[in-house]
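K.L.:
Dropping the structure in here first, questions after.
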Amino acid sequence: MASPLLAETQSIVKQFEFTDDDVNKSVREFLRQMDEGLEKDGTSLSQIPTYVTGVPTGKEKGLYMAVDLGGTNFRVCSVKLNGDTTFNITSDKVAVPKELMVAKKAEDLFAFLAQQIKKFLEKHHGDHFEAHIRRRMTVSSPDGYKDEHVFRMGFTFSFPVQQVGINKGTLIRWTKGFDIPDAVGKDVCALLQTEIDKLHLPVKVAALVNDTVGTLMAHSYSSPGSQGSILGAIFGTGTNGAYLEKLSNLKKPLVGEYDTSTGDMVINTEWGSFDNQLNVLPNTPWDAALDKETPNPGFQMYEKRVSGMFLGELLRLVINDLMKKPDVSLFRDENSSTNDRRSTTDIAETSGIWKAWGVDTSILSHAAGDHTPKLSVLRETLQETLQISAPAFEDAQAFKAIAEAIGRRAARLAAVAIGAVVLKSGRLADPERADDTVNVGVDGSLVENYPYFEDMIYEALRAIEGIGEEGAKRIRIGLAQDGSGVGAALIALVAAGAE
Ligand code: ADP
């Protein structure tokens with residue numbers, strides 16, 4: 001006879017199953033929502049045009065700069081592209097002072113950023129910098145620099161912007177603790193360029209960069225074979241993807257100017273909001289409960305089932321439910337005189353298990369990665385990170401099974417997005433490219449650290465109609481790192497080429 005705990009665990013695991021049929025139905029819906037987003041605004045998949053009209057082949061050469069204003073830090077780097085898929089990167093990072101995050105004038109923050117660029121140039125490119133200062137005195141171009149000596153720079157700005165050109169975008173609103181109302185509605189590239197010019201630096205803000213687009217570019221440059229990558233995807237705190245689309249498929253009007261010669265444009269899908277309507281996404285009671293806890297219920301519904309920010313909480317909600325069941329003995333102190341979990345001595349009052357968002361997604365990786373016969377690694381992790389004292393083997397087994405069910409569903413959902421983009425590219429069906437590899441770049445802690453995440457993606461890809469065993473063999477998923485460094489530098493290069 002199965003124990004009540006085992007029976008309940010099996011029932012929960014079943015609810016997280018995402019079958020091959022589910023995968024296929026979701027791929028069809030993903031493709032439909034992709035097309036809808038290319039036609040009009042205000043749809044589930046935003047399908048934002050990036051004005052980046054090509055991906056690198058690995059042969060690109062030159063010295064470019066990249067800066068990244070993410071949240072707490074400002075990163076400045078220079079990237080030397082060697083033209084053989086390799087690069088050398090030099091970078092410095094500085095914390096953004098709290099007072100500047102809420103400065104009165106936009107100028108205060110952007111002047112600070114320009115100062116950091118100046119310091120970086122003096123420290124790492126002193127010769128170049130000095131030479132230009134001298135040249136500036138002798139040459140009479142607008143700011144005294146010869147154009148070919150000006151560093152092109154990619155600016156990764158991870159806040160909501162309305163992009164209207166490759167190096168033009170207005171700030172919609174601040175997030176992550178920044179609040180400088182003066183900057184809202186202004187072009188962030190122009191704000192930075194103005195401050196750079198005040199310091200007479202030989203730097204041009206050539207491109208405004210989205211980190212997902214950077215991932216695509218970085219991977220495209222470094223993947224061997226020079227066929228370029230078709231997709232850059234992030235599975236980290238959140239999830240998003242950027243892919244190469246034919247311009248002719250982009251039906252909604254584009255406001256800015258761009259280079260039409262390649263016939264392509266990189267599209268930022270913003271796929272975290274795929275299927276907010278829940279036409280095809282699974283919706284267990286715990287998914288629904290999690291959604292209610294978030295500040296944006298009903299939005300980012302795909303992301304809430306796939307990414308690092310949410311999976312730990314999903315697991316916590318399931319485990320809490322299970323612990324509340326009177327006939328199921330999970331993490332229970334059998335000697336306790338009460339059934340109230342909070343009054344037992346098994347789990348500390350301060351444990352993250354009791355608090356919304358108290359369980360980090362990394363514990364799913366620990367659970368999935370523990371193959372010891374008695375799950376001793378996971379049991380130790382439960383004790384250390386969640387202060388569950390001496391958990392029983394059966395308890396750890398249940399925890400592991402549920403964590404794996406959530407992780408597996410996330411990977412299969414990730415395959416939906418990847419598979420849909422691969423099918424949309426038409427690469428697998430193109431007779432002229434029958435032997436080509438289809439490169440996909442991925443980044444993010446989940447895909448990097450969750451054991452077998454990639455294997456589970458492949459398993460689902462093989463089940464997709466139009467991909468199958470043969471197609472899946474041609475898809476090469478590879479880690480793309482440093483999208484905001486080398487990726488941003490590459491976008492600056494592409495942008496400079498189109499100037
Ligand atoms: P970001 O997406 O913000 O650039 P990361 O790619 O590092 O950053 O992702 C951070 C997210 O990944 C967090 O939500 C964190 O909970 C989760 N995470 C961190 N370590 C692991 C791990 N070992 N396994 C699974 N998820 C992890």
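Chains: A, B, ... in order of the structure tokens. Residues: from 1 per chain. Ligands: from 1, in order shown.
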Would you mind listing the residues within 8 Å of ligand 1, counting only C-alpha atoms and all ligand atoms, as an MDAnalysis selection string?
P.N.:
chainID A and resid 234:239 307:310 312 360:366 443:450
K.L.:
So which residues touch region 262-267 of chain A within 6 Å, counting only C-alpha atoms, skipping near sequence neighbours fewer than 5 positions away, as a list in words?
P.N.:
Gln47, Ile48, Pro49, Thr50, Val52, Thr53, Ala242, Tyr243, Leu244, Glu245, Lys246 and Leu247 of chain A
K.L.:
Go ahead and write the selection's residues with all heavy atoms as a compact mmCIF listing (two decimals), in the first residue's frame.
P.N.:
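Output contents, as saved in part22.txt:
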```
# COMPACT_ATOMS: atom_id res chain seq x y z
N GLN A 47 6.70 41.46 -29.58
CA GLN A 47 7.43 41.41 -30.85
C GLN A 47 8.00 42.79 -31.22
O GLN A 47 7.66 43.37 -32.25
CB GLN A 47 6.53 40.90 -31.98
CG GLN A 47 6.01 39.48 -31.78
CD GLN A 47 7.06 38.43 -32.13
OE1 GLN A 47 8.05 38.31 -31.43
NE2 GLN A 47 6.85 37.66 -33.16
N ILE A 48 8.88 43.29 -30.35
CA ILE A 48 9.40 44.65 -30.50
C ILE A 48 10.55 44.69 -31.53
O ILE A 48 11.54 43.97 -31.39
CB ILE A 48 9.93 45.17 -29.14
CG1 ILE A 48 8.78 45.15 -28.11
CG2 ILE A 48 10.53 46.55 -29.26
CD1 ILE A 48 9.24 45.33 -26.68
N PRO A 49 10.41 45.55 -32.55
CA PRO A 49 11.52 45.70 -33.51
C PRO A 49 12.72 46.35 -32.82
O PRO A 49 12.55 47.30 -32.06
CB PRO A 49 10.94 46.66 -34.57
CG PRO A 49 9.48 46.73 -34.31
CD PRO A 49 9.26 46.41 -32.87
N THR A 50 13.92 45.83 -33.06
CA THR A 50 15.09 46.36 -32.34
C THR A 50 15.94 47.27 -33.22
O THR A 50 16.91 47.85 -32.74
CB THR A 50 16.00 45.21 -31.88
OG1 THR A 50 16.48 44.53 -33.05
CG2 THR A 50 15.25 44.23 -31.00
N VAL A 52 18.07 46.32 -35.14
CA VAL A 52 19.30 45.58 -35.43
C VAL A 52 18.99 44.69 -36.62
O VAL A 52 18.09 43.85 -36.54
CB VAL A 52 19.74 44.73 -34.22
CG1 VAL A 52 20.97 43.90 -34.56
CG2 VAL A 52 20.01 45.62 -33.01
N THR A 53 19.71 44.87 -37.72
CA THR A 53 19.27 44.23 -38.96
C THR A 53 20.14 43.07 -39.42
O THR A 53 20.07 42.64 -40.55
CB THR A 53 19.18 45.28 -40.10
OG1 THR A 53 20.44 45.92 -40.18
CG2 THR A 53 18.10 46.29 -39.82
N ALA A 242 15.10 36.77 -28.25
CA ALA A 242 15.19 37.66 -29.41
C ALA A 242 15.62 36.82 -30.60
O ALA A 242 16.48 35.95 -30.46
CB ALA A 242 16.22 38.76 -29.16
N TYR A 243 15.00 37.03 -31.74
CA TYR A 243 15.30 36.18 -32.89
C TYR A 243 15.35 37.00 -34.17
O TYR A 243 14.91 38.16 -34.21
CB TYR A 243 14.25 35.06 -33.00
CG TYR A 243 12.93 35.53 -33.55
CD1 TYR A 243 12.54 35.24 -34.85
CD2 TYR A 243 12.06 36.30 -32.77
CE1 TYR A 243 11.33 35.68 -35.36
CE2 TYR A 243 10.85 36.74 -33.27
CZ TYR A 243 10.48 36.43 -34.57
OH TYR A 243 9.30 36.88 -35.07
N LEU A 244 15.90 36.37 -35.20
CA LEU A 244 16.06 37.06 -36.48
C LEU A 244 14.81 36.79 -37.33
O LEU A 244 14.49 35.64 -37.62
CB LEU A 244 17.30 36.50 -37.17
CG LEU A 244 17.84 37.29 -38.35
CD1 LEU A 244 18.31 38.67 -37.89
CD2 LEU A 244 19.00 36.54 -39.01
N GLU A 245 14.14 37.87 -37.74
CA GLU A 245 12.90 37.74 -38.51
C GLU A 245 13.07 38.41 -39.87
O GLU A 245 13.86 39.36 -40.01
CB GLU A 245 11.77 38.41 -37.71
CG GLU A 245 10.38 38.38 -38.31
CD GLU A 245 9.85 36.96 -38.57
OE1 GLU A 245 10.22 36.38 -39.61
OE2 GLU A 245 9.09 36.46 -37.73
N LYS A 246 12.34 37.90 -40.86
CA LYS A 246 12.37 38.56 -42.16
C LYS A 246 11.59 39.86 -42.09
O LYS A 246 10.47 39.88 -41.56
CB LYS A 246 11.77 37.63 -43.22
CG LYS A 246 12.64 36.44 -43.51
CD LYS A 246 11.90 35.41 -44.35
CE LYS A 246 12.52 34.04 -44.16
NZ LYS A 246 12.29 33.46 -42.81
N LEU A 247 12.18 40.90 -42.64
CA LEU A 247 11.50 42.21 -42.60
C LEU A 247 10.11 42.13 -43.22
O LEU A 247 9.18 42.79 -42.78
CB LEU A 247 12.33 43.24 -43.37
CG LEU A 247 13.27 44.11 -42.56
CD1 LEU A 247 14.05 45.02 -43.48
CD2 LEU A 247 12.52 44.92 -41.51
```
K.L.:
Just checking: using only C-alpha atoms, which residue out of A:Ala233, A:Ala183, A:Ala2, A:Leu69 ends up closest to Lys105 (chain A)?
P.N.:
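Going through A:Ala233, A:Ala183, A:Ala2, A:Leu69 one by one, the smallest distance to Lys105 (chain A) is for A:Ala183.
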K.L.:
Counting only C-alpha atoms, what is within 7 Å of Val67 (chain A), bar same-chain residues fewer than 2 positions away, as a list of chain:residue names?
P.N.:
A:Met65, A:Leu69, A:Arg75, A:Val76, A:Cys77, A:Gly154, A:Phe155, A:Thr156
K.L.:
Can those selected residues be exported to a file as a PDB file, in the first residue's frame so that it contains N, CA, C and O atoms?
P.N.:
```
ATOM      1  N   MET A  65      33.200  49.513 -27.487  1.00  0.00           N
ATOM      2  CA  MET A  65      32.904  49.654 -26.056  1.00  0.00           C
ATOM      3  C   MET A  65      31.481  49.225 -25.767  1.00  0.00           C
ATOM      4  O   MET A  65      30.628  49.200 -26.654  1.00  0.00           O
ATOM      5  N   LEU A  69      23.813  49.593 -17.723  1.00  0.00           N
ATOM      6  CA  LEU A  69      23.164  50.094 -16.509  1.00  0.00           C
ATOM      7  C   LEU A  69      22.008  49.142 -16.217  1.00  0.00           C
ATOM      8  O   LEU A  69      20.980  49.169 -16.894  1.00  0.00           O
ATOM      9  N   ARG A  75      28.410  49.001 -15.505  1.00  0.00           N
ATOM     10  CA  ARG A  75      29.582  48.271 -15.979  1.00  0.00           C
ATOM     11  C   ARG A  75      30.077  48.919 -17.265  1.00  0.00           C
ATOM     12  O   ARG A  75      29.277  49.255 -18.140  1.00  0.00           O
ATOM     13  N   VAL A  76      31.372  49.114 -17.344  1.00  0.00           N
ATOM     14  CA  VAL A  76      31.975  49.676 -18.554  1.00  0.00           C
ATOM     15  C   VAL A  76      32.955  48.649 -19.098  1.00  0.00           C
ATOM     16  O   VAL A  76      33.764  48.109 -18.337  1.00  0.00           O
ATOM     17  N   CYS A  77      32.903  48.359 -20.374  1.00  0.00           N
ATOM     18  CA  CYS A  77      33.921  47.463 -20.915  1.00  0.00           C
ATOM     19  C   CYS A  77      34.338  47.821 -22.328  1.00  0.00           C
ATOM     20  O   CYS A  77      33.637  48.551 -23.029  1.00  0.00           O
ATOM     21  N   GLY A 154      27.985  50.303 -27.345  1.00  0.00           N
ATOM     22  CA  GLY A 154      26.637  49.771 -27.151  1.00  0.00           C
ATOM     23  C   GLY A 154      26.201  50.057 -25.720  1.00  0.00           C
ATOM     24  O   GLY A 154      26.986  49.877 -24.786  1.00  0.00           O
ATOM     25  N   PHE A 155      24.988  50.504 -25.543  1.00  0.00           N
ATOM     26  CA  PHE A 155      24.472  50.911 -24.232  1.00  0.00           C
ATOM     27  C   PHE A 155      23.334  49.968 -23.836  1.00  0.00           C
ATOM     28  O   PHE A 155      22.243  50.047 -24.392  1.00  0.00           O
ATOM     29  N   THR A 156      23.644  49.038 -22.917  1.00  0.00           N
ATOM     30  CA  THR A 156      22.600  48.156 -22.411  1.00  0.00           C
ATOM     31  C   THR A 156      21.902  48.875 -21.265  1.00  0.00           C
ATOM     32  O   THR A 156      22.526  49.227 -20.263  1.00  0.00           O
TER      33      THR A 156
END
```
K.L.:
Which of these residues is nearest to Ala405 (chain A), using only C-alpha atoms: A:Leu5, A:Gln15, A:Gly232, A:Gly71?
P.N.:
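Using only C-alpha atoms, the shortest distance to Ala405 (chain A) belongs to A:Gln15.
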K.L.:
Name the closest residue to Tyr452 (chain A) among the candidates A:Leu208, A:Ala368, A:Ala396, A:Val438; distances are taken between atoms, counting only C-alpha atoms.
P.N.:
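Of the candidates, the smallest distance to Tyr452 (chain A) is held by A:Ala368.
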K.L.:
Counting only C-alpha atoms, which residue out of A:Leu314, A:Val55, A:Ala420, A:Met34 sits closest to Leu250 (chain A)?
P.N.:
A:Met34
K.L.:
Env of Arg474 (chain A): 9 Å cut, atoms = only C-alpha atoms, seq-sep filter 3 positions within chain, self excluded. Answer as a ChimeraX atom specification.
P.N.:
/A:428,435-439,470-471
K.L.:
Take the residues just selected and output them with C-alpha atoms as a short mmCIF file (atom, residue, chain, number, x, y, z; two decimals), in the first residue's frame.
P.N.:
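To be explicit, this is the file written out as result.cif:
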```cif
data_model
loop_
_atom_site.label_atom_id
_atom_site.label_comp_id
_atom_site.auth_asym_id
_atom_site.auth_seq_id
_atom_site.Cartn_x
_atom_site.Cartn_y
_atom_site.Cartn_z
CA LEU A 428 14.90 23.03 -40.92
CA ASP A 435 22.98 20.16 -43.61
CA ASP A 436 23.21 23.35 -41.64
CA THR A 437 23.19 23.50 -37.89
CA VAL A 438 20.56 25.76 -36.37
CA ASN A 439 22.29 27.69 -33.59
CA GLU A 470 16.20 14.52 -37.20
CA GLY A 471 15.38 18.19 -36.74
#
```
K.L.:
What's around Lys118 (chain A) at 10 Å? Count only C-alpha atoms, leave out sequence neighbours fewer than 6 positions away in its own chain, and write the answer as number ranges by chain.
P.N.:
A: 76, 112, 125, 129, 196, 199-203
K.L.:
Extract the full set of helix (DSSP H, G or I) residues from region 339-439 of chain A according to DSSP on the backbone, and format it as an MDAnalysis selection string.
P.N.:
chainID A and resid 341:343 352:354 362:369 376:386 393:425 431:433
K.L.:
Which of region 213-330 of chain A end up as strand (DSSP E) when DSSP is run on this backbone - answer as a ChimeraX atom specification?
P.N.:
/A:229-235,239-246,264-268
K.L.:
Would you mind exporting N, CA, C and O atoms of the selected residues as a PDB file, in the first residue's frame?
P.N.:
```
ATOM      1  N   SER A 229      23.406  32.777 -35.423  1.00  0.00           N
ATOM      2  CA  SER A 229      22.409  32.111 -34.589  1.00  0.00           C
ATOM      3  C   SER A 229      21.047  32.700 -34.915  1.00  0.00           C
ATOM      4  O   SER A 229      20.941  33.838 -35.339  1.00  0.00           O
ATOM      5  N   ILE A 230      20.009  31.893 -34.714  1.00  0.00           N
ATOM      6  CA  ILE A 230      18.680  32.411 -35.033  1.00  0.00           C
ATOM      7  C   ILE A 230      17.951  32.926 -33.803  1.00  0.00           C
ATOM      8  O   ILE A 230      16.985  33.658 -33.906  1.00  0.00           O
ATOM      9  N   LEU A 231      18.444  32.537 -32.623  1.00  0.00           N
ATOM     10  CA  LEU A 231      17.713  32.893 -31.402  1.00  0.00           C
ATOM     11  C   LEU A 231      18.668  33.076 -30.238  1.00  0.00           C
ATOM     12  O   LEU A 231      19.616  32.308 -30.076  1.00  0.00           O
ATOM     13  N   GLY A 232      18.393  34.092 -29.442  1.00  0.00           N
ATOM     14  CA  GLY A 232      19.071  34.253 -28.163  1.00  0.00           C
ATOM     15  C   GLY A 232      17.987  34.190 -27.098  1.00  0.00           C
ATOM     16  O   GLY A 232      16.981  34.893 -27.209  1.00  0.00           O
ATOM     17  N   ALA A 233      18.175  33.320 -26.106  1.00  0.00           N
ATOM     18  CA  ALA A 233      17.109  33.142 -25.119  1.00  0.00           C
ATOM     19  C   ALA A 233      17.677  33.203 -23.714  1.00  0.00           C
ATOM     20  O   ALA A 233      18.769  32.689 -23.452  1.00  0.00           O
ATOM     21  N   ILE A 234      16.938  33.840 -22.824  1.00  0.00           N
ATOM     22  CA  ILE A 234      17.374  33.938 -21.432  1.00  0.00           C
ATOM     23  C   ILE A 234      16.418  33.168 -20.530  1.00  0.00           C
ATOM     24  O   ILE A 234      15.197  33.325 -20.636  1.00  0.00           O
ATOM     25  N   PHE A 235      16.998  32.297 -19.709  1.00  0.00           N
ATOM     26  CA  PHE A 235      16.217  31.606 -18.684  1.00  0.00           C
ATOM     27  C   PHE A 235      16.926  31.850 -17.361  1.00  0.00           C
ATOM     28  O   PHE A 235      17.722  31.032 -16.910  1.00  0.00           O
ATOM     29  N   THR A 239      12.443  35.359 -18.192  1.00  0.00           N
ATOM     30  CA  THR A 239      12.752  34.698 -19.455  1.00  0.00           C
ATOM     31  C   THR A 239      12.322  35.583 -20.613  1.00  0.00           C
ATOM     32  O   THR A 239      11.327  36.297 -20.528  1.00  0.00           O
ATOM     33  N   ASN A 240      13.132  35.546 -21.676  1.00  0.00           N
ATOM     34  CA  ASN A 240      12.835  36.336 -22.868  1.00  0.00           C
ATOM     35  C   ASN A 240      13.669  35.793 -24.021  1.00  0.00           C
ATOM     36  O   ASN A 240      14.643  35.077 -23.810  1.00  0.00           O
ATOM     37  N   GLY A 241      13.257  36.124 -25.236  1.00  0.00           N
ATOM     38  CA  GLY A 241      14.010  35.683 -26.395  1.00  0.00           C
ATOM     39  C   GLY A 241      14.006  36.734 -27.490  1.00  0.00           C
ATOM     40  O   GLY A 241      13.059  37.523 -27.614  1.00  0.00           O
ATOM     41  N   ALA A 242      15.104  36.772 -28.253  1.00  0.00           N
ATOM     42  CA  ALA A 242      15.192  37.663 -29.413  1.00  0.00           C
ATOM     43  C   ALA A 242      15.620  36.815 -30.597  1.00  0.00           C
ATOM     44  O   ALA A 242      16.484  35.946 -30.463  1.00  0.00           O
ATOM     45  N   TYR A 243      15.000  37.030 -31.739  1.00  0.00           N
ATOM     46  CA  TYR A 243      15.296  36.183 -32.888  1.00  0.00           C
ATOM     47  C   TYR A 243      15.345  37.003 -34.165  1.00  0.00           C
ATOM     48  O   TYR A 243      14.906  38.157 -34.212  1.00  0.00           O
ATOM     49  N   LEU A 244      15.895  36.372 -35.201  1.00  0.00           N
ATOM     50  CA  LEU A 244      16.056  37.056 -36.478  1.00  0.00           C
ATOM     51  C   LEU A 244      14.810  36.789 -37.333  1.00  0.00           C
ATOM     52  O   LEU A 244      14.489  35.643 -37.619  1.00  0.00           O
ATOM     53  N   GLU A 245      14.141  37.871 -37.738  1.00  0.00           N
ATOM     54  CA  GLU A 245      12.897  37.743 -38.507  1.00  0.00           C
ATOM     55  C   GLU A 245      13.066  38.413 -39.865  1.00  0.00           C
ATOM     56  O   GLU A 245      13.856  39.356 -40.010  1.00  0.00           O
ATOM     57  N   LYS A 246      12.336  37.903 -40.856  1.00  0.00           N
ATOM     58  CA  LYS A 246      12.373  38.560 -42.162  1.00  0.00           C
ATOM     59  C   LYS A 246      11.586  39.856 -42.090  1.00  0.00           C
ATOM     60  O   LYS A 246      10.472  39.883 -41.557  1.00  0.00           O
ATOM     61  N   ASP A 264      16.435  41.560 -43.014  1.00  0.00           N
ATOM     62  CA  ASP A 264      16.102  40.943 -41.723  1.00  0.00           C
ATOM     63  C   ASP A 264      16.059  41.996 -40.614  1.00  0.00           C
ATOM     64  O   ASP A 264      16.630  43.078 -40.758  1.00  0.00           O
ATOM     65  N   MET A 265      15.421  41.642 -39.542  1.00  0.00           N
ATOM     66  CA  MET A 265      15.536  42.457 -38.337  1.00  0.00           C
ATOM     67  C   MET A 265      15.420  41.560 -37.103  1.00  0.00           C
ATOM     68  O   MET A 265      14.650  40.601 -37.104  1.00  0.00           O
ATOM     69  N   VAL A 266      16.204  41.906 -36.086  1.00  0.00           N
ATOM     70  CA  VAL A 266      16.096  41.159 -34.837  1.00  0.00           C
ATOM     71  C   VAL A 266      14.856  41.660 -34.092  1.00  0.00           C
ATOM     72  O   VAL A 266      14.647  42.867 -33.963  1.00  0.00           O
ATOM     73  N   ILE A 267      14.044  40.707 -33.652  1.00  0.00           N
ATOM     74  CA  ILE A 267      12.823  41.040 -32.927  1.00  0.00           C
ATOM     75  C   ILE A 267      12.965  40.592 -31.475  1.00  0.00           C
ATOM     76  O   ILE A 267      13.377  39.456 -31.201  1.00  0.00           O
ATOM     77  N   ASN A 268      12.657  41.497 -30.567  1.00  0.00           N
ATOM     78  CA  ASN A 268      12.632  41.161 -29.153  1.00  0.00           C
ATOM     79  C   ASN A 268      11.213  40.693 -28.825  1.00  0.00           C
ATOM     80  O   ASN A 268      10.291  41.494 -28.794  1.00  0.00           O
TER      81      ASN A 268
END
```
K.L.:
Figure out the distance between CA of Leu278 (chain A) and CA of Lys252 (chain A), please, to one decimal in Å.
P.N.:
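One can read the CA of Lys252 (chain A) to CA of Leu278 (chain A) distance as 24.7 Å.
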K.L.:
How far is it from CA of Arg316 (chain A) to CA of Ser351 (chain A), in Å with one decimal?
P.N.:
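Separation of CA of Arg316 (chain A) and CA of Ser351 (chain A): 11.2 Å.
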